[in-house]
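Peer 1: File model.cif follows (mmCIF, C-alpha atoms):
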data_model
loop_
_atom_site.label_atom_id
_atom_site.label_comp_id
_atom_site.auth_asym_id
_atom_site.auth_seq_id
_atom_site.Cartn_x
_atom_site.Cartn_y
_atom_site.Cartn_z
CA MET O 1 1.33 1.47 -2.69
CA ARG O 2 -1.18 -0.97 -4.06
CA LEU O 3 -3.51 -3.50 -2.56
CA THR O 4 -2.20 -6.99 -3.13
CA ARG O 5 -3.98 -8.73 -6.00
CA PHE O 6 -5.27 -11.15 -3.37
CA SER O 7 -7.06 -8.37 -1.42
CA ASP O 8 -8.30 -6.73 -4.58
CA ILE O 9 -9.94 -9.98 -5.71
CA GLY O 10 -11.26 -10.72 -2.21
CA LEU O 11 -13.02 -7.37 -1.99
CA ARG O 12 -14.64 -7.84 -5.41
CA VAL O 13 -15.87 -11.32 -4.47
CA LEU O 14 -17.45 -10.01 -1.28
CA ILE O 15 -19.03 -6.98 -2.96
CA TYR O 16 -20.38 -9.13 -5.79
CA LEU O 17 -21.85 -11.73 -3.43
CA ALA O 18 -23.27 -9.11 -1.07
CA ARG O 19 -25.46 -7.93 -3.94
CA THR O 20 -26.21 -11.21 -5.72
CA GLY O 21 -25.54 -14.26 -3.58
CA ASP O 22 -28.97 -14.92 -2.12
CA ARG O 23 -30.70 -18.28 -2.11
CA GLN O 24 -32.72 -17.54 -5.24
CA SER O 25 -29.71 -16.70 -7.34
CA ILE O 26 -26.74 -19.00 -7.80
CA VAL O 27 -23.36 -17.33 -8.23
CA THR O 28 -20.39 -19.51 -9.14
CA ALA O 29 -16.68 -18.87 -8.90
CA ALA O 30 -16.59 -19.14 -12.70
CA GLU O 31 -19.07 -16.25 -12.97
CA ILE O 32 -17.05 -13.94 -10.74
CA ALA O 33 -13.82 -14.92 -12.49
CA ALA O 34 -15.38 -14.07 -15.85
CA GLN O 35 -16.90 -10.77 -14.66
CA PHE O 36 -13.59 -9.42 -13.41
CA SER O 37 -11.21 -11.22 -15.82
CA ILE O 38 -9.55 -13.06 -12.97
CA PRO O 39 -7.85 -16.43 -13.56
CA VAL O 40 -10.08 -19.07 -11.91
CA ASN O 41 -7.20 -20.62 -9.96
CA HIS O 42 -6.46 -17.24 -8.34
CA LEU O 43 -10.11 -16.79 -7.50
CA VAL O 44 -10.38 -20.24 -5.93
CA LYS O 45 -7.54 -19.46 -3.52
CA VAL O 46 -9.20 -16.23 -2.44
CA VAL O 47 -12.59 -17.92 -2.08
CA GLY O 48 -10.99 -20.54 0.18
CA HIS O 49 -9.55 -17.80 2.37
CA LEU O 50 -12.89 -15.96 2.59
CA ALA O 51 -14.65 -19.22 3.49
CA ARG O 52 -12.12 -19.98 6.24
CA ALA O 53 -12.69 -16.46 7.59
CA GLY O 54 -16.38 -17.40 7.88
CA TRP O 55 -17.55 -14.71 5.47
CA ILE O 56 -18.76 -16.83 2.57
CA LEU O 57 -20.22 -20.29 2.10
CA ALA O 58 -19.24 -22.46 -0.84
CA THR O 59 -21.52 -25.38 -1.68
CA ARG O 60 -20.76 -28.07 -4.20
CA GLY O 61 -23.04 -29.93 -6.58
CA ARG O 62 -25.41 -29.10 -9.39
CA ASN O 63 -26.97 -26.12 -7.62
CA GLY O 64 -23.80 -25.31 -5.74
CA GLY O 65 -22.24 -21.89 -5.63
CA LEU O 66 -21.06 -19.10 -3.42
CA ARG O 67 -22.99 -16.94 -1.04
CA LEU O 68 -22.34 -14.57 1.79
CA ALA O 69 -22.34 -16.19 5.25
CA ILE O 70 -22.68 -12.96 7.19
CA ASP O 71 -24.81 -9.81 7.27
CA PRO O 72 -22.92 -7.28 5.09
CA MET O 73 -23.88 -4.51 7.51
CA THR O 74 -21.80 -6.15 10.23
CA LEU O 75 -18.56 -6.62 8.27
CA ARG O 76 -16.24 -3.62 8.18
CA THR O 77 -13.94 -2.83 5.29
CA GLY O 78 -10.86 -2.30 7.47
CA THR O 79 -11.41 -5.73 9.00
CA ILE O 80 -11.70 -7.30 5.54
CA LEU O 81 -8.55 -5.58 4.28
CA LEU O 82 -6.45 -6.45 7.30
CA GLU O 83 -7.47 -10.11 7.03
CA LEU O 84 -6.66 -10.23 3.30
CA GLU O 85 -3.45 -8.21 3.46
CA GLY O 86 -2.23 -10.23 6.43
CA THR O 87 -0.01 -7.45 7.76
CA GLU O 88 -0.13 -3.77 8.62
CA GLU O 89 3.56 -3.28 7.77
CA LEU O 90 4.16 -1.08 4.74
CA ALA O 91 7.91 -1.67 4.50
CA ASP O 92 9.74 -4.99 4.54
CA CYS O 93 12.15 -3.96 7.30
CA GLU O 94 12.97 -7.50 8.44
CA GLY O 95 13.20 -9.19 5.05
CA GLN O 96 15.67 -6.55 3.93
CA GLN O 97 17.57 -6.71 7.24
CA CYS O 98 17.68 -2.92 7.25
CA GLN O 99 20.32 -1.58 9.64
CA LEU O 100 17.78 0.89 11.05
CA ARG O 101 15.05 -1.62 11.77
CA LYS O 102 15.59 -1.95 15.52
CA HIS O 103 15.16 1.76 16.19
CA CYS O 104 13.41 3.18 13.20
CA ALA O 105 11.19 6.22 13.68
CA LEU O 106 9.84 5.76 10.14
CA ARG O 107 8.57 2.30 10.96
CA GLY O 108 6.58 3.66 13.91
CA ALA O 109 5.24 6.55 11.82
CA LEU O 110 4.11 4.15 9.07
CA GLN O 111 2.29 2.06 11.67
CA VAL O 112 0.43 5.17 12.90
CA GLY O 113 -0.45 6.00 9.28
CA MET O 114 -1.76 2.51 8.59
CA ARG O 115 -3.82 2.57 11.78
CA ALA O 116 -5.44 5.81 10.53
CA PHE O 117 -6.08 4.12 7.17
CA TYR O 118 -7.74 1.06 8.71
CA ASP O 119 -9.79 3.21 11.08
CA ALA O 120 -11.05 5.26 8.13
CA MET O 121 -11.85 2.08 6.18
CA ASN O 122 -13.80 0.73 9.14
CA ALA O 123 -16.29 3.58 8.70
CA TYR O 124 -17.52 1.59 5.66
CA THR O 125 -19.34 -1.71 5.99
CA LEU O 126 -19.51 -4.26 3.20
CA ALA O 127 -23.13 -3.12 2.73
CA ASP O 128 -21.90 0.44 2.04
CA LEU O 129 -19.54 -0.85 -0.67
CA CYS O 130 -22.36 -2.41 -2.69
CA ALA O 131 -24.96 0.31 -2.17
CA GLY O 132 -26.34 2.65 -4.82
CA GLU O 133 -24.89 2.60 -8.31
CA THR O 134 -22.26 -0.01 -7.47
CA GLY O 135 -25.01 -2.44 -6.49
CA GLU O 136 -27.10 -1.60 -9.55
CA GLN O 137 -24.13 -2.27 -11.81
CA ILE O 138 -23.52 -5.64 -10.12
CA VAL O 139 -27.16 -6.62 -10.61
CA ARG O 140 -26.86 -5.68 -14.31
CA MET O 141 -23.64 -7.72 -14.62
CA HIS O 142 -25.21 -10.74 -12.93
CA ARG O 143 -28.37 -10.60 -15.10
CA SER O 144 -26.34 -10.29 -18.23
CA PHE O 145 -24.22 -13.31 -17.23
CA THR O 146 -27.14 -15.57 -16.32
CA ARG O 147 -28.88 -14.78 -19.65
CA GLN O 148 -25.90 -15.95 -21.68
CA MET Q 1 0.06 -3.28 0.74
CA ARG Q 2 3.67 -2.28 0.56
CA LEU Q 3 5.49 0.90 -0.24
CA THR Q 4 7.03 0.72 -3.68
CA ARG Q 5 10.74 -0.05 -3.56
CA PHE Q 6 11.22 3.43 -5.06
CA SER Q 7 9.53 5.14 -2.08
CA ASP Q 8 11.24 2.89 0.41
CA ILE Q 9 14.67 3.84 -0.98
CA GLY Q 10 13.71 7.52 -1.27
CA LEU Q 11 12.75 7.73 2.38
CA ARG Q 12 16.00 6.09 3.48
CA VAL Q 13 18.06 8.48 1.35
CA LEU Q 14 16.30 11.49 2.89
CA ILE Q 15 16.57 10.19 6.45
CA TYR Q 16 20.23 9.33 5.99
CA LEU Q 17 21.07 12.72 4.50
CA ALA Q 18 19.02 14.60 7.08
CA ARG Q 19 21.37 13.24 9.72
CA THR Q 20 24.70 13.21 7.88
CA GLY Q 21 24.71 15.37 4.79
CA ASP Q 22 26.14 18.61 6.12
CA ARG Q 23 28.96 20.53 4.53
CA GLN Q 24 31.62 18.98 6.77
CA SER Q 25 30.70 15.45 5.90
CA ILE Q 26 30.55 14.07 2.37
CA VAL Q 27 27.96 11.40 1.70
CA THR Q 28 28.02 9.65 -1.66
CA ALA Q 29 25.38 7.60 -3.44
CA ALA Q 30 27.77 4.66 -3.16
CA GLU Q 31 27.77 5.01 0.64
CA ILE Q 32 23.98 4.97 0.92
CA ALA Q 33 23.72 2.09 -1.55
CA ALA Q 34 26.19 0.07 0.54
CA GLN Q 35 24.53 0.91 3.86
CA PHE Q 36 21.12 -0.32 2.76
CA SER Q 37 22.23 -3.03 0.27
CA ILE Q 38 20.56 -1.18 -2.59
CA PRO Q 39 21.80 -1.63 -6.18
CA VAL Q 40 23.53 1.64 -7.14
CA ASN Q 41 21.55 2.01 -10.39
CA HIS Q 42 18.27 1.93 -8.41
CA LEU Q 43 19.61 4.47 -5.98
CA VAL Q 44 20.73 6.81 -8.75
CA LYS Q 45 17.20 6.92 -10.19
CA VAL Q 46 15.71 7.76 -6.81
CA VAL Q 47 18.38 10.39 -6.14
CA GLY Q 48 17.53 12.02 -9.48
CA HIS Q 49 13.88 12.18 -8.52
CA LEU Q 50 14.63 13.67 -5.09
CA ALA Q 51 16.90 16.26 -6.71
CA ARG Q 52 14.20 17.24 -9.23
CA ALA Q 53 11.76 17.61 -6.32
CA GLY Q 54 14.22 20.14 -4.88
CA TRP Q 55 14.87 18.17 -1.72
CA ILE Q 56 18.48 17.14 -2.23
CA LEU Q 57 21.53 18.56 -4.00
CA ALA Q 58 23.93 16.35 -5.87
CA THR Q 59 27.35 17.77 -6.66
CA ARG Q 60 29.94 16.13 -8.88
CA GLY Q 61 33.69 16.05 -8.63
CA ARG Q 62 36.32 14.94 -6.16
CA ASN Q 63 34.51 16.36 -3.13
CA GLY Q 64 31.09 15.84 -4.67
CA GLY Q 65 28.25 14.11 -2.93
CA LEU Q 66 24.70 14.38 -1.76
CA ARG Q 67 23.16 16.71 0.76
CA LEU Q 68 19.78 17.89 1.81
CA ALA Q 69 18.58 21.06 0.05
CA ILE Q 70 15.81 21.85 2.52
CA ASP Q 71 15.26 22.18 6.26
CA PRO Q 72 14.09 18.71 7.42
CA MET Q 73 11.66 20.35 9.84
CA THR Q 74 9.71 21.78 6.89
CA LEU Q 75 9.31 18.60 4.85
CA ARG Q 76 6.37 16.41 5.82
CA THR Q 77 6.36 12.64 5.45
CA GLY Q 78 2.98 12.50 3.71
CA THR Q 79 4.26 14.97 1.13
CA ILE Q 80 7.38 12.86 0.57
CA LEU Q 81 5.40 9.65 0.19
CA LEU Q 82 2.85 11.11 -2.18
CA GLU Q 83 5.62 12.48 -4.40
CA LEU Q 84 7.47 9.16 -4.45
CA GLU Q 85 4.43 6.92 -4.83
CA GLY Q 86 3.04 9.14 -7.56
CA THR Q 87 -0.58 8.18 -6.91
CA GLU Q 88 -3.07 7.88 -4.07
CA GLU Q 89 -4.92 5.04 -5.81
CA LEU Q 90 -4.65 1.71 -4.02
CA ALA Q 91 -6.32 -0.37 -6.71
CA ASP Q 92 -5.55 -0.43 -10.41
CA CYS Q 93 -9.18 0.13 -11.49
CA GLU Q 94 -8.37 1.55 -14.89
CA GLY Q 95 -5.53 -0.74 -15.87
CA GLN Q 96 -7.73 -3.73 -15.15
CA GLN Q 97 -10.72 -2.14 -16.90
CA CYS Q 98 -12.90 -3.26 -14.00
CA GLN Q 99 -16.59 -3.22 -14.89
CA LEU Q 100 -17.36 -1.43 -11.63
CA ARG Q 101 -14.85 1.38 -12.04
CA LYS Q 102 -17.25 4.10 -13.16
CA HIS Q 103 -19.46 3.82 -10.11
CA CYS Q 104 -17.42 2.02 -7.49
CA ALA Q 105 -18.12 2.76 -3.84
CA LEU Q 106 -14.96 0.87 -2.88
CA ARG Q 107 -12.80 3.21 -4.94
CA GLY Q 108 -14.20 6.23 -3.09
CA ALA Q 109 -13.77 4.51 0.28
CA LEU Q 110 -10.13 3.66 -0.52
CA GLN Q 111 -9.50 7.30 -1.42
CA VAL Q 112 -10.90 8.40 1.96
CA GLY Q 113 -8.67 5.81 3.65
CA MET Q 114 -5.57 6.99 1.81
CA ARG Q 115 -6.35 10.61 2.65
CA ALA Q 116 -6.47 9.59 6.35
CA PHE Q 117 -3.13 7.80 5.88
CA TYR Q 118 -1.41 10.80 4.26
CA ASP Q 119 -2.87 13.18 6.86
CA ALA Q 120 -1.48 10.97 9.63
CA MET Q 121 1.91 10.80 7.91
CA ASN Q 122 1.99 14.58 7.60
CA ALA Q 123 2.10 14.78 11.40
CA TYR Q 124 5.75 13.67 11.03
CA THR Q 125 8.42 15.87 9.50
CA LEU Q 126 11.62 14.49 8.01
CA ALA Q 127 13.33 15.80 11.15
CA ASP Q 128 11.09 13.58 13.29
CA LEU Q 129 12.09 10.53 11.25
CA CYS Q 130 15.78 10.93 12.01
CA ALA Q 131 15.46 12.01 15.64
CA GLY Q 132 16.57 10.03 18.69
CA GLU Q 133 17.88 6.51 18.28
CA THR Q 134 17.31 6.47 14.52
CA GLY Q 135 19.62 9.44 14.13
CA GLU Q 136 22.21 7.97 16.49
CA GLN Q 137 22.25 4.75 14.50
CA ILE Q 138 22.73 6.69 11.25
CA VAL Q 139 25.67 8.60 12.75
CA ARG Q 140 27.23 5.27 13.81
CA MET Q 141 26.67 3.82 10.32
CA HIS Q 142 28.23 6.87 8.65
CA ARG Q 143 31.29 6.89 10.99
CA SER Q 144 31.82 3.22 10.46
CA PHE Q 145 31.67 3.68 6.66
CA THR Q 146 34.05 6.64 6.53
CA ARG Q 147 36.62 4.77 8.66
CA GLN Q 148 36.77 1.87 6.23
#
In structure tokens, write the structure found in this file.
Peer 2:
Amino acid sequence: MRLTRFSDIGLRVLIYLARTGDRQSIVTAAEIAAQFSIPVNHLVKVVGHLARAGWILATRGRNGGLRLAIDPMTLRTGTILLELEGTEELADCEGQQCQLRKHCALRGALQVGMRAFYDAMNAYTLADLCAGETGEQIVRMHRSFTRQ
Amino acid sequence: MRLTRFSDIGLRVLIYLARTGDRQSIVTAAEIAAQFSIPVNHLVKVVGHLARAGWILATRGRNGGLRLAIDPMTLRTGTILLELEGTEELADCEGQQCQLRKHCALRGALQVGMRAFYDAMNAYTLADLCAGETGEQIVRMHRSFTRQ
């Protein structure tokens, strides 16, 4: 079980911006792509999704860049993950046309498990994810990038 | 987030055998592969893993086949999944050499979330997964296969 690459990137973008994307400090998609060794075209797709969700603002032009559009204390990690993953289903019952799919006790059990996972993740806000040492490391990364 | 194909197959093998693999009824790897449209070579790898875990017995020969080696009421679904998945980590922090990995609040939060998931899954035994309609469907599938 792994997060999709899409979710993984989306979480890093949000955490990075929650710590750096204020009005005094411009953060570009190219910066985030470089920091996490993500191909820029992947990053741009994720950024588009986060913008459509209303969580980040992307502005164009010479001083354009990315910043958070919401208060990171109000955005919960389970909510972020569910939006980025797009489904709570852990098994591809329908795609595989499994003969058990119409009355599968496992499918129901997995849904209960995922609900417990998302509930536990919702105990963390985006602000929690970039607190303490994580946030300090992001500030160091950002400073090092802007000095290049 | 999806189960690995390995776990997905492993769970189906266990559920199928929990309902059919008694001494009166021979179930072969070929039968399970056919029932769930799984390539036999994939299935054989998973069966080997389940046998090494001590959960199933595979016997060779003319009347050889697969059967459960444990009481399905004693085997918990979280235990099965953790064995088959091989890791609780949802993100590949090390493989990607993420710059945040040494002090990442997200990594800790994901571990808490996965612990909640596995705890919830452990509320279900293997016996629960093949109870009721699921079990009835498996019995129908097995009868239909053996009549071919």
Peer 1: On this structure, which residues satisfy the PyMOL selection byres ((chain O) within 6 of (chain Q)), written as a list in words?
Peer 2: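 Here the PyMOL selection byres ((chain O) within 6 of (chain Q)) matches Met1, Arg2, Leu3, Thr4, Leu90, Ala91, His103, Cys104, Ala105, Leu106, Gly113, Ala116, Phe117, Ala120, Met121, Leu129, Glu133 and Thr134 of chain O.
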Peer 1: Quick one: pull the distance between atom CA of Trp55 of chain O and atom CA of Leu14 of chain O, Å, one decimal.
Peer 2: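 Taking atom CA of Trp55 of chain O and atom CA of Leu14 of chain O, their separation equals 8.2 Å.
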Peer 1: Expand the PyMOL selection byres ((chain O and resi 72) around 9) into the individual residues it matches in the shown file, reporting them as a CSV table (one decimal) with C-alpha atoms, in the frame of the given file.
Peer 2:
chain,number,residue,atom,x,y,z
O,14,LEU,CA,-17.4,-10.0,-1.3
O,15,ILE,CA,-19.0,-7.0,-3.0
O,18,ALA,CA,-23.3,-9.1,-1.1
O,68,LEU,CA,-22.3,-14.6,1.8
O,69,ALA,CA,-22.3,-16.2,5.2
O,70,ILE,CA,-22.7,-13.0,7.2
O,71,ASP,CA,-24.8,-9.8,7.3
O,73,MET,CA,-23.9,-4.5,7.5
O,74,THR,CA,-21.8,-6.2,10.2
O,75,LEU,CA,-18.6,-6.6,8.3
O,76,ARG,CA,-16.2,-3.6,8.2
O,125,THR,CA,-19.3,-1.7,6.0
O,126,LEU,CA,-19.5,-4.3,3.2
O,127,ALA,CA,-23.1,-3.1,2.7
O,128,ASP,CA,-21.9,0.4,2.0
Peer 1: Could you write out chain O as a CSV table (one decimal) with C-alpha atoms, in the frame of the given file once it has been least-squares superposed on chain Q using every ordered C-alpha pair?
Peer 2:
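Dumped to result-v5.csv:
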chain,number,residue,atom,x,y,z
O,1,MET,CA,0.1,-3.3,0.7
O,2,ARG,CA,3.7,-2.3,0.5
O,3,LEU,CA,5.5,0.9,-0.2
O,4,THR,CA,7.0,0.7,-3.7
O,5,ARG,CA,10.7,0.0,-3.6
O,6,PHE,CA,11.2,3.4,-5.1
O,7,SER,CA,9.5,5.2,-2.1
O,8,ASP,CA,11.3,2.9,0.4
O,9,ILE,CA,14.7,3.8,-1.0
O,10,GLY,CA,13.7,7.5,-1.3
O,11,LEU,CA,12.7,7.7,2.4
O,12,ARG,CA,16.0,6.1,3.5
O,13,VAL,CA,18.1,8.5,1.4
O,14,LEU,CA,16.3,11.5,2.9
O,15,ILE,CA,16.6,10.2,6.5
O,16,TYR,CA,20.2,9.3,6.0
O,17,LEU,CA,21.1,12.7,4.5
O,18,ALA,CA,19.0,14.6,7.1
O,19,ARG,CA,21.4,13.2,9.7
O,20,THR,CA,24.7,13.2,7.9
O,21,GLY,CA,24.7,15.4,4.8
O,22,ASP,CA,26.1,18.6,6.1
O,23,ARG,CA,29.0,20.5,4.5
O,24,GLN,CA,31.6,19.0,6.8
O,25,SER,CA,30.7,15.4,5.9
O,26,ILE,CA,30.6,14.1,2.4
O,27,VAL,CA,28.0,11.4,1.7
O,28,THR,CA,28.0,9.6,-1.7
O,29,ALA,CA,25.4,7.6,-3.4
O,30,ALA,CA,27.8,4.7,-3.2
O,31,GLU,CA,27.8,5.0,0.6
O,32,ILE,CA,24.0,5.0,0.9
O,33,ALA,CA,23.7,2.1,-1.6
O,34,ALA,CA,26.2,0.1,0.5
O,35,GLN,CA,24.5,0.9,3.9
O,36,PHE,CA,21.1,-0.3,2.7
O,37,SER,CA,22.2,-3.0,0.2
O,38,ILE,CA,20.5,-1.2,-2.6
O,39,PRO,CA,21.8,-1.6,-6.2
O,40,VAL,CA,23.5,1.6,-7.2
O,41,ASN,CA,21.5,2.0,-10.4
O,42,HIS,CA,18.3,1.9,-8.4
O,43,LEU,CA,19.6,4.5,-6.0
O,44,VAL,CA,20.7,6.8,-8.7
O,45,LYS,CA,17.2,6.9,-10.2
O,46,VAL,CA,15.7,7.8,-6.8
O,47,VAL,CA,18.4,10.4,-6.1
O,48,GLY,CA,17.5,12.0,-9.5
O,49,HIS,CA,13.9,12.2,-8.5
O,50,LEU,CA,14.6,13.7,-5.1
O,51,ALA,CA,16.9,16.3,-6.7
O,52,ARG,CA,14.2,17.2,-9.2
O,53,ALA,CA,11.8,17.6,-6.3
O,54,GLY,CA,14.2,20.2,-4.9
O,55,TRP,CA,14.9,18.2,-1.7
O,56,ILE,CA,18.5,17.2,-2.2
O,57,LEU,CA,21.5,18.6,-4.0
O,58,ALA,CA,23.9,16.3,-5.9
O,59,THR,CA,27.4,17.8,-6.7
O,60,ARG,CA,30.0,16.1,-8.9
O,61,GLY,CA,33.7,16.1,-8.6
O,62,ARG,CA,36.3,14.9,-6.1
O,63,ASN,CA,34.5,16.4,-3.1
O,64,GLY,CA,31.1,15.8,-4.6
O,65,GLY,CA,28.3,14.1,-2.9
O,66,LEU,CA,24.7,14.4,-1.8
O,67,ARG,CA,23.2,16.7,0.8
O,68,LEU,CA,19.8,17.9,1.8
O,69,ALA,CA,18.6,21.1,0.1
O,70,ILE,CA,15.8,21.8,2.5
O,71,ASP,CA,15.3,22.2,6.3
O,72,PRO,CA,14.1,18.7,7.4
O,73,MET,CA,11.6,20.4,9.8
O,74,THR,CA,9.7,21.8,6.9
O,75,LEU,CA,9.3,18.6,4.8
O,76,ARG,CA,6.4,16.4,5.8
O,77,THR,CA,6.4,12.7,5.5
O,78,GLY,CA,3.0,12.5,3.7
O,79,THR,CA,4.3,15.0,1.1
O,80,ILE,CA,7.4,12.9,0.6
O,81,LEU,CA,5.4,9.7,0.2
O,82,LEU,CA,2.8,11.1,-2.2
O,83,GLU,CA,5.6,12.5,-4.4
O,84,LEU,CA,7.5,9.2,-4.5
O,85,GLU,CA,4.4,6.9,-4.8
O,86,GLY,CA,3.0,9.2,-7.6
O,87,THR,CA,-0.6,8.2,-6.9
O,88,GLU,CA,-3.1,7.9,-4.1
O,89,GLU,CA,-4.9,5.0,-5.8
O,90,LEU,CA,-4.7,1.7,-4.0
O,91,ALA,CA,-6.3,-0.4,-6.7
O,92,ASP,CA,-5.6,-0.4,-10.4
O,93,CYS,CA,-9.2,0.1,-11.5
O,94,GLU,CA,-8.4,1.6,-14.9
O,95,GLY,CA,-5.5,-0.8,-15.9
O,96,GLN,CA,-7.7,-3.7,-15.2
O,97,GLN,CA,-10.7,-2.2,-16.9
O,98,CYS,CA,-12.9,-3.3,-14.0
O,99,GLN,CA,-16.6,-3.3,-14.9
O,100,LEU,CA,-17.4,-1.4,-11.6
O,101,ARG,CA,-14.9,1.3,-12.0
O,102,LYS,CA,-17.3,4.1,-13.2
O,103,HIS,CA,-19.5,3.8,-10.1
O,104,CYS,CA,-17.4,2.0,-7.5
O,105,ALA,CA,-18.1,2.8,-3.8
O,106,LEU,CA,-15.0,0.9,-2.9
O,107,ARG,CA,-12.8,3.2,-4.9
O,108,GLY,CA,-14.2,6.2,-3.1
O,109,ALA,CA,-13.8,4.5,0.3
O,110,LEU,CA,-10.1,3.6,-0.5
O,111,GLN,CA,-9.5,7.3,-1.4
O,112,VAL,CA,-10.9,8.4,2.0
O,113,GLY,CA,-8.7,5.8,3.7
O,114,MET,CA,-5.6,7.0,1.8
O,115,ARG,CA,-6.4,10.6,2.6
O,116,ALA,CA,-6.5,9.6,6.3
O,117,PHE,CA,-3.1,7.8,5.9
O,118,TYR,CA,-1.4,10.8,4.3
O,119,ASP,CA,-2.9,13.2,6.9
O,120,ALA,CA,-1.5,11.0,9.6
O,121,MET,CA,1.9,10.8,7.9
O,122,ASN,CA,2.0,14.6,7.6
O,123,ALA,CA,2.1,14.8,11.4
O,124,TYR,CA,5.8,13.7,11.0
O,125,THR,CA,8.4,15.9,9.5
O,126,LEU,CA,11.6,14.5,8.0
O,127,ALA,CA,13.3,15.8,11.1
O,128,ASP,CA,11.1,13.6,13.3
O,129,LEU,CA,12.1,10.5,11.2
O,130,CYS,CA,15.8,10.9,12.0
O,131,ALA,CA,15.5,12.0,15.6
O,132,GLY,CA,16.6,10.0,18.7
O,133,GLU,CA,17.9,6.5,18.3
O,134,THR,CA,17.3,6.5,14.5
O,135,GLY,CA,19.6,9.4,14.1
O,136,GLU,CA,22.2,8.0,16.5
O,137,GLN,CA,22.2,4.7,14.5
O,138,ILE,CA,22.7,6.7,11.2
O,139,VAL,CA,25.7,8.6,12.7
O,140,ARG,CA,27.2,5.3,13.8
O,141,MET,CA,26.7,3.8,10.3
O,142,HIS,CA,28.2,6.9,8.7
O,143,ARG,CA,31.3,6.9,11.0
O,144,SER,CA,31.8,3.2,10.5
O,145,PHE,CA,31.7,3.7,6.7
O,146,THR,CA,34.0,6.6,6.5
O,147,ARG,CA,36.6,4.8,8.7
O,148,GLN,CA,36.8,1.9,6.2
Peer 1: When you draw a straight line from atom CA of Gly10 of chain Q to atom CA of Ile80 of chain Q, how long is it in Å?
Peer 2: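 Answer for the atom CA of Gly10 of chain Q to atom CA of Ile80 of chain Q separation: 8.5 Å.
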Peer 1: Rounded to one decimal in Å, what is the spacing between atom CA of Leu17 of chain O and atom CA of Ala51 of chain O?
Peer 2: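 Result for atom CA of Leu17 of chain O versus atom CA of Ala51 of chain O: 12.5 Å, one decimal.
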Peer 1: Which is closer to Asn63 of chain O than all the others in O:Arg140, O:Thr20, O:Val13, O:Ile26, using only C-alpha atoms?
Peer 2: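 Among the listed residues, the smallest separation from Asn63 of chain O belongs to O:Ile26.
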Peer 1: I'd like the contact shell of His42 of chain O - 10 Å cut-off, only C-alpha atoms, skipping same-chain residues fewer than 5 positions apart - returned as JSON, numbers by chain.
Peer 2: {"O": [5, 6, 9, 33, 47]}
Peer 1: The PyMOL selection byres ((chain Q and resi 25) around 10) on the file shown: which residues, as number ranges by chain?
Peer 2: Q: 20-24, 26-28, 63, 65-67, 142-143, 146
